[in-house]
Amino acid sequence: MAPVLELADVTVRRGTNVLLDEVGWTVEEGQRWVVLGPNGAGKTTMLQIAATQMHPTSGTATVLEEVLGAVDVFELRHRIGYTSAAVADRVPRGERVLDVVLTASYGVVGRWREEYEEFDESRADLLLQLMGADGLRDRTFGTLSEGERKRVLIARALMTDPELLLLDEPAAGLDLGGREDLVGNLGKLARDPDAPVLVLVSHHVEEIPPGFTHVLMLRGGTVTAQGPIESTLTAQNLAITFQMPLILEKRDGRYAARRSTT
Ligand SMILES: Nc1ncnc2c1ncn2[C@@H]1O[C@H](COP(=O)(O)OP(=O)(O)OP(=O)(O)O)[C@@H](O)[C@H]1O
C-alpha cells in the first residue's frame, strides 16, 4: 500500500533561516505518529507541509499519493483534517459552535450562504459528542474556554471524514483535567481501526495518548530520531532532542519525563 505521507529530502528556507533540513519521513496507513521537539524545531513547518499549507523549498512532499506542486491542493485539503493555533485564529469569534464544525465541509471558516443537509448537522453533532463537546453546539466560539475550543476544532477537523488527521499542539494551554480528557479522547481515536492516520505535534511526552505507534523527534530543522515508539522514544533520544539529560518513565501506556540530576 502506498504511504499516506512521504517527505523526501524536504528543505524549507526563509531568507537565511533553514526551517527544515533535508527531512525524510514516511507515514503509512494505520499509523499514529507523535512529533516531538523543542520550541523552534520546525514541527509546525513540517505539519504545514503535510497539511498542504506550505510547499518545500526543495525536496518532494507526497500527501495521499499526490505530489505537492503538481496537484490542486484545495481538493486534497478536503481529505486532510488539520487543527492548529492558526486555524483557531481564523474562526470568527461570533460563529456558532455547530457552524464551526459544519463549515469544514466546504473548507471555509465562517458560515455564509452554503447549504447543509440534515445529514451534515447530524454528523457535526455526533463529532461534538465524540469530543465531549455536545453541550456547546449553540454557544459562540468566542465564549468557549481554551480546552473547549480545542475539542470543537478537533470535531471540525474530523467533519470531512479525513484520511489524515494532523493536530498541532492540541493540548497547549489546557489545564490538567482538560489535557487528560483530550489525551483520553485521542487515545480512543488512536485505537479505533476506522480512524484516520494521526499525526500529533507536542512538546511533552505526557501528552502522548496510549495507542500511538511511532515518534519523530526534531531539533533545529533536523530529524534526531524516528521510528516505532517502543524502540525510539528513549531517554537518550529525548536528551539529544532537548539537549538535556532526562529520565523517561512509562506507566499504563503513558510517558513522563524529567531532568536527570545525576
Ligand atoms: N517566515 C519565516 N522566516 C524566518 N524564520 C521563520 C519563519 N517562519 C518560521 N521561522 C522560524 O523557523 C523555526 C521553526 O518554526 P516552527 O514554527 O516550525 O517551529 P516549532 O517546532 O513548531 O516551534 P514551537 O514549538 O515554538 O511552536 C523557528 O525558529 C521560527 O522562528
# chains A, B, ... in the order shown; residues from 1 in each chain; ligands from 1
>>> residues_around(residues="A:Ala51", least_positions_apart="6", cutoff="8 Å", atoms="only C-alpha atoms", output="PDB file with C-alpha atoms, in the first residue's frame")
ATOM      1  CA  ARG A  77      -7.294  19.559   1.684  1.00  0.00           C
ATOM      2  CA  ILE A  80      -6.996  16.144   5.446  1.00  0.00           C
ATOM      3  CA  GLY A  81      -8.144  17.247   8.899  1.00  0.00           C
ATOM      4  CA  TYR A  82      -5.920  19.930  10.418  1.00  0.00           C
ATOM      5  CA  LEU A 166      -2.961  16.495  11.747  1.00  0.00           C
TER       6      LEU A 166
END
>>> closest_atom_pairs(of="chain A", to="ligand 1", cutoff="8 Å", atoms="only C-alpha atoms and all ligand atoms", output="CSV")
residue,atom,partner,partner_atom_place_in_ligand_line,distance
A:Arg13,CA,ligand 1,4 (C),7.7
A:Arg14,CA,ligand 1,3 (N),4.7
A:Gly15,CA,ligand 1,4 (C),6.4
A:Thr16,CA,ligand 1,4 (C),7.8
A:Asn17,CA,ligand 1,5 (N),5.6
A:Val18,CA,ligand 1,12 (O),7.1
A:Leu19,CA,ligand 1,12 (O),4.5
A:Leu20,CA,ligand 1,14 (C),7.6
A:Gly37,CA,ligand 1,21 (O),6.2
A:Pro38,CA,ligand 1,25 (O),5.6
A:Asn39,CA,ligand 1,26 (O),3.4
A:Gly40,CA,ligand 1,23 (O),3.5
A:Ala41,CA,ligand 1,21 (O),3.7
A:Gly42,CA,ligand 1,18 (O),3.2
A:Lys43,CA,ligand 1,21 (O),3.8
A:Thr44,CA,ligand 1,22 (O),3.6
A:Thr45,CA,ligand 1,18 (O),3.7
A:Met46,CA,ligand 1,18 (O),6.5
A:Ser202,CA,ligand 1,25 (O),7.6
A:His203,CA,ligand 1,25 (O),6.6
A:Leu218,CA,ligand 1,21 (O),7.7
A:Arg219,CA,ligand 1,21 (O),7.8
A:Gly220,CA,ligand 1,13 (C),7.4
A:Gly221,CA,ligand 1,14 (C),6.9
>>> closest_residue(among="A:His55, A:Arg93, A:Arg254, A:Arg259", to="A:Gly184", atoms="only C-alpha atoms")
A:Arg254
>>> atom_distance(atom1="atom CA of A:Ala239", atom2="atom CA of A:Ala172")
21.7 Å
>>> atom_distance(atom1="atom CA of A:Glu28", atom2="atom CA of A:Asp192")
15.8 Å
>>> residues_around(residues="A:Thr224", least_positions_apart="3", cutoff="12 Å", atoms="only C-alpha atoms", output="ChimeraX atom specification")
/A:21,23-25,35-38,41,215-221,227,232-234,236-243
>>> atom_distance(atom1="atom CA of A:Phe141", atom2="atom CA of A:Gln53")
23.5 Å
